[in-house]
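Participant: File my_file.csv follows (CSV, C-alpha atoms and all ligand atoms):
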```
chain,number,residue,atom,x,y,z
R,73,MET,CA,-1.1,21.3,1.3
R,74,LYS,CA,-2.0,20.4,4.8
R,75,ILE,CA,-1.9,16.7,5.6
R,76,VAL,CA,-2.1,14.3,8.5
R,77,VAL,CA,-0.4,10.9,8.8
R,78,PHE,CA,-1.9,7.8,10.5
R,79,VAL,CA,0.6,5.2,11.8
R,80,SER,CA,0.6,2.2,14.0
R,81,GLY,CA,4.2,1.3,14.5
R,82,ARG,CA,7.7,2.1,13.4
R,83,GLY,CA,7.1,5.1,11.2
R,84,SER,CA,9.7,4.7,8.6
R,85,ASN,CA,7.2,5.9,5.9
R,86,LEU,CA,6.4,8.9,8.1
R,87,ARG,CA,10.1,9.6,8.2
R,88,ALA,CA,10.3,9.3,4.4
R,89,ILE,CA,7.6,11.9,4.0
R,90,LEU,CA,9.3,14.3,6.4
R,91,ASP,CA,12.7,13.8,4.8
R,92,SER,CA,11.5,14.0,1.2
R,93,ARG,CA,13.2,16.8,-0.7
R,94,GLU,CA,10.5,16.9,-3.3
R,95,LEU,CA,7.9,17.6,-0.6
R,96,LYS,CA,9.8,20.4,1.1
R,97,GLY,CA,7.7,23.6,1.0
R,98,LYS,CA,4.8,21.7,-0.7
R,99,ILE,CA,3.2,20.0,2.3
R,100,GLU,CA,2.8,20.5,6.0
R,101,VAL,CA,2.3,17.5,8.3
R,102,LYS,CA,-0.2,19.0,10.8
R,103,ALA,CA,-0.6,16.0,13.1
R,104,VAL,CA,0.2,12.3,13.5
R,105,PHE,CA,-2.5,9.9,14.7
R,106,SER,CA,-2.1,6.4,15.9
R,107,ASP,CA,-4.4,3.7,17.4
R,108,ARG,CA,-1.5,2.8,19.7
R,109,GLU,CA,-0.1,4.8,22.6
R,110,ASN,CA,3.7,5.4,22.5
R,111,CYS,CA,4.3,3.9,19.1
R,112,LYS,CA,7.8,4.5,17.7
R,113,ALA,CA,6.4,6.8,15.0
R,114,PHE,CA,5.3,9.2,17.7
R,115,ARG,CA,9.0,9.9,18.6
R,116,ILE,CA,9.6,10.8,14.9
R,117,ALA,CA,6.7,13.2,15.0
R,118,GLU,CA,7.7,14.8,18.3
R,119,ASN,CA,11.3,15.3,17.1
R,120,ASN,CA,9.8,17.2,14.2
R,121,SER,CA,7.5,19.3,16.5
R,122,ILE,CA,4.4,17.7,15.1
R,123,ASN,CA,1.4,17.1,17.4
R,124,THR,CA,0.5,13.5,18.1
R,125,TYR,CA,-2.9,12.0,18.9
R,126,THR,CA,-3.7,8.6,20.3
R,127,LEU,CA,-7.0,7.2,19.0
R,128,GLY,CA,-8.9,4.4,20.8
R,129,GLU,CA,-8.8,0.7,19.7
R,130,ASN,CA,-12.2,0.9,18.1
R,131,PRO,CA,-13.6,3.4,15.6
R,132,GLY,CA,-16.7,3.8,17.9
R,133,GLN,CA,-14.6,5.1,20.8
R,134,THR,CA,-14.4,8.8,21.8
R,135,GLY,CA,-11.0,9.2,20.3
R,136,TYR,CA,-12.4,8.5,16.9
R,137,LYS,CA,-15.3,11.0,17.5
R,138,ASN,CA,-12.8,13.7,18.3
R,139,LEU,CA,-10.9,12.9,15.2
R,140,SER,CA,-13.5,14.4,12.9
R,141,HIS,CA,-13.3,17.6,15.0
R,142,VAL,CA,-9.5,17.8,14.9
R,143,LEU,CA,-9.4,17.2,11.1
R,144,ASN,CA,-11.9,20.0,10.6
R,145,GLN,CA,-10.0,22.4,12.8
R,146,LEU,CA,-6.7,21.7,11.0
R,147,ASN,CA,-8.3,22.2,7.5
R,148,ILE,CA,-6.8,18.9,6.3
R,149,GLU,CA,-6.6,18.4,2.5
R,150,LEU,CA,-5.1,14.8,2.5
R,151,ILE,CA,-5.1,12.0,5.0
R,152,VAL,CA,-2.2,9.5,4.6
R,153,LEU,CA,-2.3,6.1,6.1
R,154,ALA,CA,1.3,4.9,6.4
R,155,GLY,CA,1.2,1.6,8.2
R,156,PHE,CA,-2.1,2.3,10.0
R,157,LEU,CA,-3.8,-1.0,10.9
R,158,LYS,CA,-7.4,0.0,11.7
R,159,LEU,CA,-10.3,0.9,9.5
R,160,ILE,CA,-11.2,4.5,9.1
R,161,PRO,CA,-14.7,5.2,10.3
R,162,ASP,CA,-17.3,5.4,7.5
R,163,GLU,CA,-18.3,9.0,8.4
R,164,ILE,CA,-14.7,10.2,7.7
R,165,VAL,CA,-14.3,8.0,4.6
R,166,LYS,CA,-17.5,9.7,3.2
R,167,LYS,CA,-16.5,13.2,4.2
R,168,TYR,CA,-12.9,12.8,2.8
R,169,LYS,CA,-13.8,10.9,-0.4
R,170,ASN,CA,-10.7,10.6,-2.6
R,171,LYS,CA,-8.7,12.5,0.0
R,172,ILE,CA,-7.6,9.4,2.1
R,173,ILE,CA,-4.7,7.3,0.7
R,174,ASN,CA,-3.2,4.1,2.0
R,175,LEU,CA,0.1,2.4,1.4
R,176,HIS,CA,0.0,-1.4,1.0
R,177,PRO,CA,3.2,-3.5,0.9
R,178,ALA,CA,2.2,-5.7,-2.0
R,179,LEU,CA,0.6,-5.5,-5.5
R,180,LEU,CA,-3.1,-5.1,-4.9
R,181,PRO,CA,-5.6,-6.7,-5.3
R,182,SER,CA,-3.5,-9.7,-4.3
R,183,PHE,CA,-2.4,-10.3,-0.7
R,184,SER,CA,-4.9,-8.0,0.8
R,185,GLY,CA,-7.7,-7.7,3.4
R,186,LYS,CA,-8.0,-8.0,7.1
R,187,GLY,CA,-4.9,-9.5,8.8
R,188,MET,CA,-2.8,-8.8,5.7
R,189,TYR,CA,-0.3,-6.3,7.1
R,190,GLY,CA,3.4,-6.1,7.8
R,191,ILE,CA,5.3,-9.4,7.7
R,192,HIS,CA,2.1,-11.4,7.2
R,193,VAL,CA,1.8,-10.0,3.7
R,194,HIS,CA,5.4,-10.8,2.8
R,195,GLU,CA,5.0,-14.4,4.2
R,196,ALA,CA,2.0,-14.9,2.0
R,197,VAL,CA,3.9,-13.5,-1.0
R,198,PHE,CA,6.9,-15.7,-0.2
R,199,ASN,CA,4.8,-18.9,0.2
R,200,SER,CA,2.9,-18.3,-3.0
R,201,SER,CA,6.2,-18.3,-4.9
R,202,VAL,CA,5.3,-15.2,-7.0
R,203,LYS,CA,8.3,-13.7,-8.6
R,204,VAL,CA,7.2,-10.1,-8.4
R,205,SER,CA,6.0,-8.0,-5.5
R,206,GLY,CA,5.8,-4.3,-4.8
R,207,ALA,CA,4.0,-1.5,-3.2
R,208,THR,CA,0.6,0.0,-3.9
R,209,VAL,CA,-0.9,3.4,-3.0
R,210,HIS,CA,-4.7,3.4,-3.2
R,211,PHE,CA,-7.7,5.5,-2.1
R,212,VAL,CA,-9.3,4.4,1.1
R,213,ASP,CA,-12.9,3.2,1.2
R,214,SER,CA,-14.8,1.5,4.0
R,215,THR,CA,-13.2,-1.9,3.7
R,216,TYR,CA,-9.5,-3.0,3.8
R,217,ASP,CA,-7.5,-2.5,0.7
R,218,THR,CA,-10.3,-2.3,-1.8
R,219,GLY,CA,-10.3,1.4,-2.9
R,220,LYS,CA,-9.1,2.5,-6.3
R,221,ILE,CA,-5.4,2.0,-7.1
R,222,ILE,CA,-3.5,5.2,-7.6
R,223,VAL,CA,0.0,3.9,-8.3
R,224,GLN,CA,2.0,0.7,-8.0
R,225,LYS,CA,5.6,-0.2,-8.3
R,226,CYS,CA,7.1,-3.7,-8.8
R,227,VAL,CA,10.2,-5.3,-7.4
R,228,ASP,CA,11.8,-8.5,-8.6
R,229,ILE,CA,11.8,-11.1,-5.8
R,230,SER,CA,12.7,-14.1,-7.9
R,231,ASP,CA,15.9,-14.7,-6.0
R,232,VAL,CA,14.8,-14.0,-2.4
R,233,ASN,CA,15.3,-16.5,0.5
R,234,SER,CA,12.9,-15.2,3.1
R,235,PRO,CA,9.8,-13.0,3.7
R,236,GLU,CA,12.1,-10.6,5.5
R,237,GLU,CA,14.2,-10.1,2.4
R,238,ILE,CA,11.0,-9.3,0.4
R,239,ALA,CA,10.0,-6.8,3.2
R,240,GLN,CA,13.3,-5.0,2.8
R,241,ARG,CA,13.1,-4.7,-0.9
R,242,VAL,CA,9.4,-3.5,-0.8
R,243,LEU,CA,10.1,-1.0,1.9
R,244,LYS,CA,12.6,0.8,-0.2
R,245,VAL,CA,9.9,1.1,-2.9
R,246,GLU,CA,7.4,2.3,-0.3
R,247,HIS,CA,9.7,5.1,0.8
R,248,GLN,CA,9.8,6.4,-2.8
R,249,LEU,CA,6.2,5.8,-3.8
R,250,LEU,CA,4.4,7.5,-0.9
R,251,PRO,CA,6.2,10.9,-1.1
R,252,PHE,CA,5.8,10.7,-4.9
R,253,VAL,CA,2.0,10.3,-4.7
R,254,ILE,CA,1.7,13.0,-2.0
R,255,GLY,CA,3.6,15.4,-4.2
R,256,LYS,CA,1.3,14.7,-7.1
R,257,PHE,CA,-1.7,15.5,-4.8
R,258,ALA,CA,-0.1,18.7,-3.7
R,259,ASP,CA,0.4,19.6,-7.4
R,260,LYS,CA,-3.3,18.7,-8.1
R,261,LYS,CA,-2.2,16.1,-10.6
R,262,ILE,CA,-4.3,13.2,-9.5
R,263,GLU,CA,-7.8,12.8,-11.0
R,264,VAL,CA,-10.4,10.1,-11.4
R,265,ILE,CA,-11.2,9.9,-15.1
R,266,ASN,CA,-13.4,7.1,-16.7
R,267,ASN,CA,-13.4,5.2,-13.4
R,268,ARG,CA,-9.6,5.1,-13.3
R,269,VAL,CA,-7.2,7.1,-11.3
R,270,VAL,CA,-4.9,9.1,-13.5
R,271,ILE,CA,-1.7,10.9,-12.7
R,272,LEU,CA,-1.3,13.9,-14.9
R,273,GLU,CA,2.0,15.0,-16.2
O,301,LIG,C1,4.8,-0.8,5.7
O,301,LIG,O1,5.2,-1.9,5.1
O,301,LIG,C2,3.4,-0.4,5.2
O,301,LIG,O2,3.3,-0.6,3.8
O,301,LIG,C3,2.6,-1.3,5.9
O,301,LIG,O3,3.1,-1.3,7.3
O,301,LIG,C4,4.5,-1.0,7.2
O,301,LIG,C5,4.7,0.2,8.0
O,301,LIG,O4,6.0,0.6,8.1
O,301,LIG,N1,1.2,-1.1,5.8
O,301,LIG,P1,6.5,1.9,8.8
O,301,LIG,O5,5.7,2.0,10.2
O,301,LIG,O6,6.2,3.0,7.9
O,301,LIG,O7,7.9,1.8,9.1
```
Let's see the structure in the file written out as structure tokens.

Facilitator:
Amino acid sequence: MKIVVFVSGRGSNLRAILDSRELKGKIEVKAVFSDRENCKAFRIAENNSINTYTLGENPGQTGYKNLSHVLNQLNIELIVLAGFLKLIPDEIVKKYKNKIINLHPALLPSFSGKGMYGIHVHEAVFNSSVKVSGATVHFVDSTYDTGKIIVQKCVDISDVNSPEEIAQRVLKVEHQLLPFVIGKFADKKIEVINNRVVILE
């Protein structure tokens, strides 16, 4: 299965995808896109001989227009947002319905929406005093964090002392969950049945 990965920063989830043993031979990362020039994740892509593309700051810019063209040319079957902070343009969301997934570092629909990314999420989680957090992989629609949920995994945070500690625990889960979901897509084991996303055995 041909995929592309969208990133905005560090790229540890991109690395988890590239290093995943269960994905070896199942997927091919054809390109990595970012809204930011020179983000750290680009180094990971380059070290793996994967082409990188910098998009503009706004979906209206030329970079985003070229995006559709590049995705077409590469015959992409799944678009993975792994720490990508911008909205995907409507035109692409429509064209790739149920073929764009995002990773969110909390249990949706809580702690979501514009501005809820990275450490901001974990600060809100910490300050709310919830005892469980986790990671969510969901389909992408045209607003932040509202698409149907594909899979979630919880972590106990009842004993944490800081948002950073939550981030660490959740990141470990993210690194398992995203490759797992991508593998299920490659195996064609993800379907929408009765308005719910189902992972088939
Ligand atoms: C992750 O926590 C991801 O869930 C969030 O942004 C972070 C990206 O981390 N949306 P990385 O760039 O994959 O290391």

Participant: Within 12 Å of (-2.9, 8.7, 17.4), in the coordinates the file gives, what residues turn up when you count all atoms listed in the file, written out as a PyMOL selection string?

Facilitator: chain R and resi 76-81+103-114+117+122-129+135-136+138-139+142+153+156-158

Participant: May I ask for the distance between CA of Gly155 (chain R) and CA of Gly185 (chain R), given in Å to one decimal place?

Facilitator: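 Going from CA of Gly155 (chain R) over to CA of Gly185 (chain R), I get 13.7 Å.
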
Participant: For a quick check of understanding, using all atoms listed in the file, which of R:Ile164, R:Val223, R:Ile172, R:Ala178 has the smallest distance to Phe252 (chain R)?

Facilitator: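 Ranking R:Ile164, R:Val223, R:Ile172, R:Ala178 by distance to Phe252 (chain R), first place goes to R:Val223.
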
Participant: Got a sec to check which residues lie within 9 Å of ligand LIG 301 (chain O), using all atoms listed in the file, and send them as a PyMOL selection string?

Facilitator: chain R and resi 79-88+112-113+153-157+174-178+188-191+193+207-209+239-240+242-243+246-247

Participant: Find the distance between CA of Ile271 (chain R) and CA of Gln248 (chain R) and write it in Å to one decimal.

Facilitator: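 About the pair CA of Ile271 (chain R) and CA of Gln248 (chain R): they are 15.8 Å apart.
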
Participant: Using CA of Val269 (chain R) and CA of Ile229 (chain R) as the two end points, give the distance in Å to one decimal.

Facilitator: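 Interatomic distance here is 26.9 Å.
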
Participant: Determine, counting all atoms listed in the file, which protein, DNA and RNA residues have an atom within 6 Å of an atom of region 89-100 of chain R; residues of the same chain fewer than 6 positions away are not included. Present the result as a ChimeraX atom specification.

Facilitator: /R:73-74,251

Participant: Could you tell me which of R:Ile221, R:Val212, R:Ile238, R:Ile75 comes closest to Glu263 (chain R) if we count only C-alpha atoms?

Facilitator: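 So, comparing all the options, the nearest one is R:Ile221.
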
Participant: Hey, which of R:Ile151, R:Leu180, R:Leu143, R:Ala196 ends up closest to Glu236 (chain R)? Count all atoms listed in the file.

Facilitator: R:Ala196

Participant: Taking 2 positions as the minimum chain separation for residues in the same chain, which residues sit within 6 Å of Val227 (chain R) when counting all atoms listed in the file? Answer as a list in words.

Facilitator: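 Answer for this query is Val204, Ser205 and Gly206 of chain R.
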
Participant: Hey, which of R:Val152, R:Leu272, R:Val197, R:Leu146 ends up closest to Asn170 (chain R)? Count only C-alpha atoms.

Facilitator: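 Going through R:Val152, R:Leu272, R:Val197, R:Leu146 one by one, the smallest distance to Asn170 (chain R) is for R:Val152.
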
Participant: Return the single residue from R:Thr218, R:Gln145, R:Asn233, R:Asn130 that is closest to Phe198 (chain R), with distances computed using all atoms listed in the file.

Facilitator: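 Ranked by minimum distance to Phe198 (chain R), first place goes to R:Asn233.
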
Participant: Taking into account all atoms listed in the file, which residue in the set R:Ile173, R:Ile116, R:Leu150, R:Cys226 is nearest to Ala258 (chain R)?

Facilitator: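 Closest to Ala258 (chain R) of all the choices is R:Leu150.
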